[in-house]
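To be precise, the following lines are work22.pdb, and they hold PDB, C-alpha atoms and all ligand atoms.
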```
ATOM      1  CA  MET S   9     -24.566  -9.419  -0.958
ATOM      2  CA  ASN S  10     -21.539  -9.503   1.278
ATOM      3  CA  LEU S  11     -19.539  -6.856  -0.613
ATOM      4  CA  PRO S  12     -16.846  -4.636   0.883
ATOM      5  CA  ASP S  13     -17.952  -1.046   1.282
ATOM      6  CA  LYS S  14     -15.717   0.963  -1.049
ATOM      7  CA  LYS S  15     -15.674   3.830   1.422
ATOM      8  CA  GLN S  16     -14.430   1.571   4.197
ATOM      9  CA  LEU S  17     -11.831  -0.325   2.180
ATOM     10  CA  SER S  18      -9.459   1.315  -0.230
ATOM     11  CA  LEU S  19      -8.459  -1.451  -2.606
ATOM     12  CA  PRO S  20      -4.858  -1.456  -3.859
ATOM     13  CA  THR S  21      -4.305   0.282  -7.174
ATOM     14  CA  LEU S  22      -1.871  -0.519  -9.973
ATOM     15  CA  ASP S  23       0.713   2.078 -11.004
ATOM     16  CA  LYS S  24       1.283   3.006 -14.619
ATOM     17  CA  ILE S  25       3.995   0.781 -16.019
ATOM     18  CA  GLU S  26       7.045   1.848 -18.028
ATOM     19  CA  LEU S  27       7.085   0.311 -21.496
ATOM     20  CA  ASP S  28      10.848   0.310 -21.902
ATOM     21  CA  HIS S  29      11.812  -1.745 -18.889
ATOM     22  CA  GLY S  30      10.556  -4.331 -16.422
ATOM     23  CA  VAL S  31      11.671  -6.063 -13.244
ATOM     24  CA  ASN S  32      13.744  -9.239 -13.116
ATOM     25  CA  PHE S  33      13.443 -11.810 -10.344
ATOM     26  CA  GLU S  34      16.060 -14.295  -9.232
ATOM     27  CA  SER S  35      15.906 -16.704  -6.307
ATOM     28  CA  HIS S  36      18.244 -19.646  -5.922
ATOM     29  CA  THR S  37      15.999 -21.658  -3.629
ATOM     30  CA  TYR S  38      15.188 -24.816  -5.594
ATOM     31  CA  TRP S  39      13.619 -28.193  -4.885
ATOM     32  CA  GLY S  40      14.609 -31.473  -6.542
ATOM     33  CA  VAL S  41      18.045 -30.360  -7.745
ATOM     34  CA  ARG S  42      20.919 -32.835  -7.369
ATOM     35  CA  ASP S  43      23.836 -30.396  -7.467
ATOM     36  CA  PRO S  44      22.561 -26.943  -6.393
ATOM     37  CA  GLN S  45      25.908 -25.171  -6.837
ATOM     38  CA  ARG S  46      26.395 -26.444 -10.397
ATOM     39  CA  PHE S  47      22.746 -25.743 -11.178
ATOM     40  CA  LYS S  48      23.079 -22.183  -9.889
ATOM     41  CA  GLU S  49      26.114 -21.576 -12.113
ATOM     42  CA  LEU S  50      24.267 -22.934 -15.144
ATOM     43  CA  MET S  51      21.161 -20.865 -14.437
ATOM     44  CA  GLN S  52      23.233 -17.732 -13.991
ATOM     45  CA  GLU S  53      24.766 -18.399 -17.386
ATOM     46  CA  ALA S  54      21.348 -19.163 -18.920
ATOM     47  CA  ILE S  55      20.090 -15.773 -17.685
ATOM     48  CA  THR S  56      22.810 -14.049 -19.698
ATOM     49  CA  LEU S  57      21.503 -15.764 -22.855
ATOM     50  CA  VAL S  58      17.896 -14.522 -22.712
ATOM     51  CA  THR S  59      16.339 -11.148 -23.326
ATOM     52  CA  THR S  60      14.757  -9.451 -20.331
ATOM     53  CA  THR S  61      12.721  -9.748 -18.254
ATOM     54  CA  HIS S  62      13.462 -13.048 -16.556
ATOM     55  CA  PHE S  63      11.972 -14.917 -13.614
ATOM     56  CA  LEU S  64      13.869 -17.617 -11.767
ATOM     57  CA  GLY S  65      12.441 -19.126  -8.614
ATOM     58  CA  ASP S  66      10.175 -21.856  -7.233
ATOM     59  CA  ASN S  67      11.443 -24.316  -9.907
ATOM     60  CA  LEU S  68      10.360 -21.962 -12.668
ATOM     61  CA  PHE S  69      12.639 -20.256 -15.195
ATOM     62  CA  THR S  70      11.010 -18.063 -17.778
ATOM     63  CA  TRP S  71      11.786 -14.878 -19.690
ATOM     64  CA  GLN S  72       9.946 -12.186 -21.617
ATOM     65  CA  ARG S  73       7.341 -12.096 -18.873
ATOM     66  CA  ASN S  74       6.102  -8.947 -17.134
ATOM     67  CA  ASN S  75       6.646 -10.300 -13.602
ATOM     68  CA  SER S  76       3.501  -8.368 -12.685
ATOM     69  CA  MET S  77       3.759  -9.218  -8.984
ATOM     70  CA  LEU S  78       6.857  -7.055  -8.707
ATOM     71  CA  GLU S  79       5.206  -4.081 -10.410
ATOM     72  CA  ASP S  80       2.235  -4.130  -8.051
ATOM     73  CA  LYS S  81       3.723  -2.040  -5.253
ATOM     74  CA  PRO S  82       1.103  -2.719  -2.545
ATOM     75  CA  PHE S  83       1.524  -6.439  -3.174
ATOM     76  CA  ARG S  84       5.288  -6.175  -3.184
ATOM     77  CA  ARG S  85       5.182  -4.408   0.169
ATOM     78  CA  ALA S  86       2.851  -7.032   1.686
ATOM     79  CA  TRP S  87       5.031  -9.864   0.389
ATOM     80  CA  GLU S  88       8.333  -8.326   1.506
ATOM     81  CA  GLU S  89       7.083  -7.389   4.960
ATOM     82  CA  ASN S  90       5.975 -10.965   5.618
ATOM     83  CA  LEU S  91       9.036 -12.871   4.412
ATOM     84  CA  LEU S  92      10.260 -15.278   7.078
ATOM     85  CA  ASN S  93      12.565 -17.500   5.006
ATOM     86  CA  SER S  94      14.036 -18.026   1.534
ATOM     87  CA  SER S  95      11.124 -20.233   0.449
ATOM     88  CA  ASP S  96       8.669 -17.400   1.119
ATOM     89  CA  GLU S  97      10.793 -15.271  -1.172
ATOM     90  CA  ALA S  98      11.030 -17.887  -3.944
ATOM     91  CA  ILE S  99       7.262 -18.446  -4.101
ATOM     92  CA  VAL S 100       6.396 -14.829  -4.883
ATOM     93  CA  TRP S 101       4.493 -15.776  -8.041
ATOM     94  CA  ARG S 102       2.367 -18.287  -6.103
ATOM     95  CA  ARG S 103       1.650 -15.607  -3.518
ATOM     96  CA  TYR S 104       0.513 -13.199  -6.220
ATOM     97  CA  ILE S 105      -1.899 -15.782  -7.604
ATOM     98  CA  LEU S 106      -3.417 -15.940  -4.096
ATOM     99  CA  ALA S 107      -3.481 -12.148  -3.831
ATOM    100  CA  CYS S 108      -5.221 -11.670  -7.201
ATOM    101  CA  ALA S 109      -7.723 -14.441  -6.435
ATOM    102  CA  ALA S 110      -8.374 -12.790  -3.070
ATOM    103  CA  TYR S 111      -8.968  -9.403  -4.714
ATOM    104  CA  HIS S 112     -11.600 -11.061  -6.898
ATOM    105  CA  CYS S 113     -13.160 -12.978  -3.997
ATOM    106  CA  LEU S 114     -13.620  -9.871  -1.842
ATOM    107  CA  HIS S 115     -16.519  -9.204  -4.199
ATOM    108  CA  VAL S 116     -18.037 -12.674  -3.813
ATOM    109  CA  PRO S 117     -20.311 -13.639  -0.898
ATOM    110  CA  GLY S 118     -18.666 -15.742   1.798
ATOM    111  CA  ASP S 119     -15.628 -16.083   4.032
ATOM    112  CA  PHE S 120     -12.004 -16.757   3.199
ATOM    113  CA  VAL S 121     -10.486 -20.130   4.131
ATOM    114  CA  GLU S 122      -6.986 -21.584   4.147
ATOM    115  CA  CYS S 123      -6.501 -25.270   4.966
ATOM    116  CA  GLY S 124      -2.814 -25.736   5.815
ATOM    117  CA  VAL S 125      -1.583 -22.521   7.396
ATOM    118  CA  TYR S 126       1.791 -23.364   8.971
ATOM    119  CA  VAL S 127       2.952 -19.934  10.297
ATOM    120  CA  GLY S 128       0.310 -17.965   8.414
ATOM    121  CA  THR S 129       2.496 -16.154   5.885
ATOM    122  CA  GLY S 130       0.099 -16.895   3.016
ATOM    123  CA  ILE S 131      -2.918 -15.524   4.911
ATOM    124  CA  LYS S 132      -1.057 -12.494   6.193
ATOM    125  CA  THR S 133       0.364 -11.564   2.786
ATOM    126  CA  VAL S 134      -3.126 -11.659   1.254
ATOM    127  CA  MET S 135      -4.682  -9.686   4.114
ATOM    128  CA  ASP S 136      -1.949  -7.057   4.166
ATOM    129  CA  TYR S 137      -2.376  -6.574   0.418
ATOM    130  CA  LEU S 138      -6.096  -5.990   0.919
ATOM    131  CA  GLY S 139      -6.364  -3.746   3.937
ATOM    132  CA  GLY S 140      -4.331  -5.422   6.708
ATOM    133  CA  PRO S 141      -6.283  -5.226   9.977
ATOM    134  CA  GLU S 142      -9.112  -3.600   7.983
ATOM    135  CA  PHE S 143      -9.460  -6.648   5.684
ATOM    136  CA  PRO S 144     -13.229  -6.869   5.320
ATOM    137  CA  LYS S 145     -13.899 -10.624   5.527
ATOM    138  CA  THR S 146     -13.572 -13.382   8.089
ATOM    139  CA  PHE S 147     -10.482 -15.505   7.316
ATOM    140  CA  TRP S 148     -10.441 -19.071   8.664
ATOM    141  CA  GLY S 149      -7.095 -20.866   9.037
ATOM    142  CA  TYR S 150      -7.110 -24.624   9.711
ATOM    143  CA  ASP S 151      -3.992 -26.545  10.749
ATOM    144  CA  THR S 152      -2.693 -28.871  13.434
ATOM    145  CA  TYR S 153      -0.014 -26.165  13.932
ATOM    146  CA  ASP S 154       2.045 -27.757  16.770
ATOM    147  CA  TYR S 155       2.855 -30.875  14.750
ATOM    148  CA  ASN S 156       2.689 -31.948  11.117
ATOM    149  CA  PRO S 157       0.400 -34.939  10.567
ATOM    150  CA  VAL S 158       2.216 -35.861   7.335
ATOM    151  CA  GLU S 159       5.108 -38.143   8.213
ATOM    152  CA  GLY S 160       8.507 -36.635   7.436
ATOM    153  CA  HIS S 161       6.959 -33.272   6.489
ATOM    154  CA  ALA S 162       7.383 -31.192   9.662
ATOM    155  CA  PHE S 163       8.461 -27.628   8.904
ATOM    156  CA  ALA S 164      10.841 -25.561  11.030
ATOM    157  CA  GLY S 165       9.171 -24.643  14.322
ATOM    158  CA  GLN S 166       6.293 -27.150  14.060
ATOM    159  CA  GLN S 167       6.278 -28.046  17.728
ATOM    160  CA  GLU S 168       4.329 -27.167  20.846
ATOM    161  CA  GLY S 169       3.858 -23.427  21.015
ATOM    162  CA  LEU S 170       3.542 -22.782  17.270
ATOM    163  CA  TYR S 171      -0.225 -22.278  17.474
ATOM    164  CA  ASP S 172       0.245 -19.631  20.178
ATOM    165  CA  ALA S 173       2.936 -17.926  18.103
ATOM    166  CA  VAL S 174       0.666 -17.796  15.032
ATOM    167  CA  CYS S 175      -2.197 -16.396  17.169
ATOM    168  CA  GLU S 176       0.237 -13.734  18.383
ATOM    169  CA  ARG S 177       1.172 -12.905  14.774
ATOM    170  CA  PHE S 178      -2.495 -12.175  14.054
ATOM    171  CA  LYS S 179      -3.329 -10.397  17.292
ATOM    172  CA  GLU S 180      -4.248  -7.170  15.454
ATOM    173  CA  TYR S 181      -6.471  -9.087  12.988
ATOM    174  CA  SER S 182      -9.719  -9.759  14.803
ATOM    175  CA  GLN S 183     -11.326 -11.249  11.664
ATOM    176  CA  VAL S 184      -8.886 -14.214  11.632
ATOM    177  CA  ARG S 185     -10.109 -17.503  13.121
ATOM    178  CA  LEU S 186      -7.294 -19.999  13.608
ATOM    179  CA  VAL S 187      -8.746 -23.468  14.164
ATOM    180  CA  LYS S 188      -6.278 -25.941  15.656
ATOM    181  CA  GLY S 189      -6.834 -29.614  14.883
ATOM    182  CA  PHE S 190      -6.724 -32.420  12.361
ATOM    183  CA  LEU S 191      -8.809 -31.975   9.215
ATOM    184  CA  PRO S 192     -11.540 -32.843   8.430
ATOM    185  CA  GLN S 193     -12.520 -33.516  12.076
ATOM    186  CA  SER S 194     -11.659 -29.963  13.139
ATOM    187  CA  PHE S 195     -14.417 -28.618  10.857
ATOM    188  CA  GLU S 196     -16.924 -29.832  13.444
ATOM    189  CA  ASN S 197     -18.604 -26.743  14.967
ATOM    190  CA  ASN S 198     -16.010 -24.521  13.255
ATOM    191  CA  ILE S 199     -17.044 -24.069   9.680
ATOM    192  CA  PRO S 200     -18.177 -21.101   7.590
ATOM    193  CA  ASP S 201     -21.647 -21.306   6.022
ATOM    194  CA  GLN S 202     -20.432 -19.735   2.807
ATOM    195  CA  VAL S 203     -16.955 -19.531   1.283
ATOM    196  CA  ALA S 204     -15.633 -17.066  -1.304
ATOM    197  CA  PHE S 205     -11.941 -18.034  -1.308
ATOM    198  CA  LEU S 206     -10.555 -21.490  -0.541
ATOM    199  CA  HIS S 207      -6.821 -22.173  -0.488
ATOM    200  CA  ILE S 208      -5.953 -25.846   0.092
ATOM    201  CA  ASP S 209      -2.312 -26.514   0.969
ATOM    202  CA  LEU S 210      -2.061 -29.674   3.079
ATOM    203  CA  ASN S 211       0.659 -31.478   1.111
ATOM    204  CA  ASN S 212      -1.351 -34.712   1.257
ATOM    205  CA  VAL S 213      -4.150 -35.845  -0.981
ATOM    206  CA  GLU S 214      -6.300 -37.596   1.665
ATOM    207  CA  GLY S 215      -6.646 -34.378   3.663
ATOM    208  CA  GLU S 216      -7.251 -32.280   0.561
ATOM    209  CA  ILE S 217     -10.011 -34.533  -0.779
ATOM    210  CA  ALA S 218     -11.637 -34.528   2.678
ATOM    211  CA  VAL S 219     -11.605 -30.718   2.626
ATOM    212  CA  LEU S 220     -13.183 -30.661  -0.833
ATOM    213  CA  ASP S 221     -15.838 -33.153   0.311
ATOM    214  CA  THR S 222     -16.844 -30.768   3.091
ATOM    215  CA  LEU S 223     -16.261 -27.292   1.740
ATOM    216  CA  PHE S 224     -16.662 -27.252  -2.040
ATOM    217  CA  GLU S 225     -20.472 -27.181  -1.893
ATOM    218  CA  ARG S 226     -20.199 -24.141   0.396
ATOM    219  CA  VAL S 227     -18.103 -22.169  -2.111
ATOM    220  CA  SER S 228     -20.252 -19.444  -3.677
ATOM    221  CA  PRO S 229     -20.684 -19.154  -7.449
ATOM    222  CA  GLY S 230     -17.843 -16.877  -8.549
ATOM    223  CA  GLY S 231     -15.635 -18.102  -5.705
ATOM    224  CA  ILE S 232     -12.159 -19.507  -6.330
ATOM    225  CA  VAL S 233     -10.439 -22.666  -5.102
ATOM    226  CA  ILE S 234      -6.631 -22.810  -5.244
ATOM    227  CA  LEU S 235      -4.842 -26.137  -4.857
ATOM    228  CA  ASP S 236      -1.259 -25.331  -3.926
ATOM    229  CA  ASP S 237       0.399 -28.550  -5.080
ATOM    230  CA  TYR S 238      -1.829 -29.718  -7.921
ATOM    231  CA  GLU S 239       0.590 -29.121 -10.793
ATOM    232  CA  TRP S 240       3.716 -30.324  -8.944
ATOM    233  CA  SER S 241       4.868 -33.761 -10.073
ATOM    234  CA  GLY S 242       7.000 -36.299  -8.172
ATOM    235  CA  PRO S 243       5.588 -36.916  -4.676
ATOM    236  CA  TYR S 244       2.619 -34.634  -5.389
ATOM    237  CA  ARG S 245       1.297 -36.592  -8.385
ATOM    238  CA  PRO S 246      -1.388 -38.317  -6.260
ATOM    239  CA  GLN S 247      -2.930 -34.838  -5.821
ATOM    240  CA  LYS S 248      -3.338 -34.470  -9.579
ATOM    241  CA  GLN S 249      -4.577 -38.019 -10.005
ATOM    242  CA  GLN S 250      -7.283 -37.860  -7.340
ATOM    243  CA  GLU S 251      -8.228 -34.190  -7.600
ATOM    244  CA  ASP S 252      -8.716 -34.473 -11.375
ATOM    245  CA  GLN S 253     -11.029 -37.406 -10.762
ATOM    246  CA  TRP S 254     -12.901 -35.603  -7.962
ATOM    247  CA  PHE S 255     -13.529 -32.513 -10.106
ATOM    248  CA  ASP S 256     -14.220 -34.505 -13.256
ATOM    249  CA  GLN S 257     -17.136 -36.212 -11.477
ATOM    250  CA  ARG S 258     -18.555 -32.724 -10.891
ATOM    251  CA  ARG S 259     -17.858 -31.499 -14.434
ATOM    252  CA  TYR S 260     -15.070 -29.106 -13.471
ATOM    253  CA  ARG S 261     -11.573 -28.742 -14.934
ATOM    254  CA  ILE S 262      -8.643 -27.598 -12.817
ATOM    255  CA  PHE S 263      -6.550 -24.865 -14.473
ATOM    256  CA  PRO S 264      -2.919 -26.042 -14.143
ATOM    257  CA  LEU S 265      -0.633 -23.060 -13.495
ATOM    258  CA  PRO S 266       3.125 -22.924 -14.214
ATOM    259  CA  THR S 267       3.563 -21.993 -10.529
ATOM    260  CA  GLY S 268       2.572 -25.564  -9.622
ATOM    261  CA  GLN S 269      -0.854 -24.478  -8.344
ATOM    262  CA  GLY S 270      -4.232 -25.555  -9.675
ATOM    263  CA  VAL S 271      -7.210 -23.192  -9.839
ATOM    264  CA  VAL S 272     -10.918 -23.985  -9.964
ATOM    265  CA  LEU S 273     -13.563 -21.361 -10.674
ATOM    266  CA  LYS S 274     -16.814 -22.243  -8.922
ATOM    267  CA  ARG S 275     -19.994 -21.927 -10.957
TER     268      ARG S 275
HETATM  269  C1  LIG S 301       2.779 -26.398   3.225
HETATM  270  S1  LIG S 301       2.169 -26.094   4.819
HETATM  271  C2  LIG S 301       1.098 -24.725   4.595
HETATM  272  C3  LIG S 301       1.796 -23.450   4.142
HETATM  273  C4  LIG S 301       0.898 -22.235   4.093
HETATM  274  N1  LIG S 301      -0.281 -22.455   3.283
HETATM  275  C5  LIG S 301       1.625 -21.004   3.540
HETATM  276  O1  LIG S 301       1.175 -20.470   2.534
HETATM  277  O2  LIG S 301       2.613 -20.565   4.093
HETATM  278  C6  LIG S 301       1.111 -27.474   5.059
HETATM  279  C7  LIG S 301       0.428 -27.485   6.416
HETATM  280  O3  LIG S 301      -0.646 -28.409   6.361
HETATM  281  C8  LIG S 301      -0.842 -28.934   7.664
HETATM  282  N2  LIG S 301      -1.652 -30.173   7.533
HETATM  283  C9  LIG S 301      -1.430 -31.220   6.704
HETATM  284  N3  LIG S 301      -2.418 -32.125   6.814
HETATM  285  C10 LIG S 301      -3.308 -31.645   7.729
HETATM  286  C11 LIG S 301      -4.550 -32.113   8.269
HETATM  287  N4  LIG S 301      -5.112 -33.268   7.872
HETATM  288  N5  LIG S 301      -5.175 -31.345   9.191
HETATM  289  C12 LIG S 301      -4.644 -30.174   9.582
HETATM  290  N6  LIG S 301      -3.477 -29.667   9.110
HETATM  291  C13 LIG S 301      -2.814 -30.399   8.192
HETATM  292  C14 LIG S 301       0.580 -29.119   8.201
HETATM  293  O4  LIG S 301       0.600 -29.131   9.606
HETATM  294  C15 LIG S 301       1.314 -27.911   7.588
HETATM  295  O5  LIG S 301       1.421 -26.843   8.500
END
```

Take the structure in the file and give it back as structure tokens.
Amino acid sequence: MNLPDKKQLSLPTLDKIELDHGVNFESHTYWGVRDPQRFKELMQEAITLVTTTHFLGDNLFTWQRNNSMLEDKPFRRAWEENLLNSSDEAIVWRRYILACAAYHCLHVPGDFVECGVYVGTGIKTVMDYLGGPEFPKTFWGYDTYDYNPVEGHAFAGQQEGLYDAVCERFKEYSQVRLVKGFLPQSFENNIPDQVAFLHIDLNNVEGEIAVLDTLFERVSPGGIVILDDYEWSGPYRPQKQQEDQWFDQRRYRIFPLPTGQGVVLKR
């Protein structure tokens, strides 16, 4: 079994929580809002009408939740130290889903994989939560990096030189393998035999189904697959339509999360 040696890796621990108070979270980075200023004013008023604790961010407003990600200090540190923009901040709950799945998958045989890396903030947040440069597994990161193959979807900095910059970001992390190229072709000669953790975040269903076609059978029993956009509607609905069908044929159900992610537990 490919388990981390407890002596070599000190896993993050949870502090005792106070029962009489919790942590609120508020980010005003939204997607799909017609009048952001008016929306912000309304949300700020809505917050005054609910009992604590509230969470607002990443198109999610909820209250009377623990906001566990903000009470897990090692996670909070890893998340804060890797913030590069306001979106990274807003998606803290999504990041914590990755971090908790990763904690679980450290104990499952196989490597870690992210398909759709961009600048690597997701990978780095997870690794820094679980040991930083001492993270005990190989972590593969697949992306075209220097351009975005999805028309109209290029993110800030997606131009020649991005791949080199991401390699530089991970220079202290010898277990990271950044594979540059278009998926699924870039899997050729660059693919783990066994996968414990698979995060798919390509923002296009063709690429994501191609990744599943190649990698799902390599995911170990007990491993976790996270589909970043599965539960987002609008332009992402094709992901739900086709990924539901793909998993249904294999007798799996995707767990739809309020964060917009979908989770599959491999048997
Ligand atoms: C939303 S970003 C990934 C964000 C990253 N997972 C994070 O947590 O910060 C999506 C990425 O998928 C990449 N991508 C989309 N389709 C691809 C394909 N077929 N092959 C390789 N990369 C692809 C894009 O270049 C882009 O960087």

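Among the candidate residues S:Thr222, S:Thr146, S:Asn156, S:Asn93, the one lying nearest to Phe205 in chain S is S:Thr146, with distances computed using all atoms listed in the file.
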
Translate the PyMOL selection byres (((chain S and resi 32-38) around 6) and not hetatm), as applied to the file shown, into an explicit residue set as a ChimeraX atom specification. /S:31,39,61-65,67,98

Between chain S and ligand LIG 301 (chain S), at 8 Å or less, what are the per-residue closest atom pairs and their distances in Å? Count only C-alpha atoms and all ligand atoms, order by chain and rising residue number, and return it as JSON lines.
```
{"residue": "S:Asp96", "atom": "CA", "partner": "S:LIG301", "partner_atom": "O2", "distance": 7.5}
{"residue": "S:Arg103", "atom": "CA", "partner": "S:LIG301", "partner_atom": "O1", "distance": 7.8}
{"residue": "S:Glu122", "atom": "CA", "partner": "S:LIG301", "partner_atom": "N1", "distance": 6.8}
{"residue": "S:Cys123", "atom": "CA", "partner": "S:LIG301", "partner_atom": "N6", "distance": 6.8}
{"residue": "S:Gly124", "atom": "CA", "partner": "S:LIG301", "partner_atom": "O3", "distance": 3.5}
{"residue": "S:Val125", "atom": "CA", "partner": "S:LIG301", "partner_atom": "C4", "distance": 4.1}
{"residue": "S:Tyr126", "atom": "CA", "partner": "S:LIG301", "partner_atom": "O5", "distance": 3.5}
{"residue": "S:Val127", "atom": "CA", "partner": "S:LIG301", "partner_atom": "O2", "distance": 6.2}
{"residue": "S:Gly128", "atom": "CA", "partner": "S:LIG301", "partner_atom": "O2", "distance": 5.5}
{"residue": "S:Thr129", "atom": "CA", "partner": "S:LIG301", "partner_atom": "O2", "distance": 4.8}
{"residue": "S:Gly130", "atom": "CA", "partner": "S:LIG301", "partner_atom": "O1", "distance": 3.8}
{"residue": "S:Ile131", "atom": "CA", "partner": "S:LIG301", "partner_atom": "O1", "distance": 6.8}
{"residue": "S:Tyr150", "atom": "CA", "partner": "S:LIG301", "partner_atom": "C12", "distance": 6.1}
{"residue": "S:Asp151", "atom": "CA", "partner": "S:LIG301", "partner_atom": "N6", "distance": 3.6}
{"residue": "S:Thr152", "atom": "CA", "partner": "S:LIG301", "partner_atom": "N6", "distance": 4.5}
{"residue": "S:Tyr153", "atom": "CA", "partner": "S:LIG301", "partner_atom": "O4", "distance": 5.3}
{"residue": "S:Asp154", "atom": "CA", "partner": "S:LIG301", "partner_atom": "O4", "distance": 7.4}
{"residue": "S:Tyr155", "atom": "CA", "partner": "S:LIG301", "partner_atom": "O4", "distance": 5.9}
{"residue": "S:Asn156", "atom": "CA", "partner": "S:LIG301", "partner_atom": "O4", "distance": 3.8}
{"residue": "S:Pro157", "atom": "CA", "partner": "S:LIG301", "partner_atom": "N3", "distance": 5.5}
{"residue": "S:Val158", "atom": "CA", "partner": "S:LIG301", "partner_atom": "C9", "distance": 5.9}
{"residue": "S:His161", "atom": "CA", "partner": "S:LIG301", "partner_atom": "C14", "distance": 7.8}
{"residue": "S:Ala162", "atom": "CA", "partner": "S:LIG301", "partner_atom": "O4", "distance": 7.1}
{"residue": "S:Phe163", "atom": "CA", "partner": "S:LIG301", "partner_atom": "O5", "distance": 7.1}
{"residue": "S:Gln166", "atom": "CA", "partner": "S:LIG301", "partner_atom": "O5", "distance": 7.4}
{"residue": "S:Lys188", "atom": "CA", "partner": "S:LIG301", "partner_atom": "C12", "distance": 7.6}
{"residue": "S:Gly189", "atom": "CA", "partner": "S:LIG301", "partner_atom": "C12", "distance": 5.8}
{"residue": "S:Phe190", "atom": "CA", "partner": "S:LIG301", "partner_atom": "N5", "distance": 3.7}
{"residue": "S:Leu191", "atom": "CA", "partner": "S:LIG301", "partner_atom": "N5", "distance": 3.7}
{"residue": "S:Pro192", "atom": "CA", "partner": "S:LIG301", "partner_atom": "N4", "distance": 6.5}
{"residue": "S:Ser194", "atom": "CA", "partner": "S:LIG301", "partner_atom": "N5", "distance": 7.7}
{"residue": "S:His207", "atom": "CA", "partner": "S:LIG301", "partner_atom": "N1", "distance": 7.6}
{"residue": "S:Ile208", "atom": "CA", "partner": "S:LIG301", "partner_atom": "N1", "distance": 7.3}
{"residue": "S:Asp209", "atom": "CA", "partner": "S:LIG301", "partner_atom": "N1", "distance": 5.1}
{"residue": "S:Leu210", "atom": "CA", "partner": "S:LIG301", "partner_atom": "O3", "distance": 3.8}
{"residue": "S:Asn211", "atom": "CA", "partner": "S:LIG301", "partner_atom": "C6", "distance": 5.6}
{"residue": "S:Asn212", "atom": "CA", "partner": "S:LIG301", "partner_atom": "N3", "distance": 6.2}
{"residue": "S:Glu214", "atom": "CA", "partner": "S:LIG301", "partner_atom": "N4", "distance": 7.7}
{"residue": "S:Gly215", "atom": "CA", "partner": "S:LIG301", "partner_atom": "N4", "distance": 4.6}
{"residue": "S:Glu216", "atom": "CA", "partner": "S:LIG301", "partner_atom": "N4", "distance": 7.7}
{"residue": "S:Asp236", "atom": "CA", "partner": "S:LIG301", "partner_atom": "N1", "distance": 7.8}
```

Show me as a PyMOL selection string the residues that reach within 12 Å of (-0.1, -38.0, -5.2), counting only C-alpha atoms and using the file's own coordinates. chain S and resi 210-217+237-252

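Non-sequential neighbours of Tyr260 in chain S (distance at most 12 Å, separation of 6 or more positions within a chain, only C-alpha atoms) are Phe224, Val233, Glu251, Asp252, Gln253, Trp254, Val271, Val272, Leu273, Lys274 and Arg275 of chain S.
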
Between S:Val41, S:Arg84, S:Ala110, S:Asn197, which has the minimum distance to Gly230 in chain S (counting only C-alpha atoms)?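 Checking each candidate against Gly230 in chain S, we get S:Ala110 as the closest.
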
Please report the interatomic distance between CA of Gln52 in chain S and CA of Glu97 in chain S in Å with one decimal. 18.0 Å
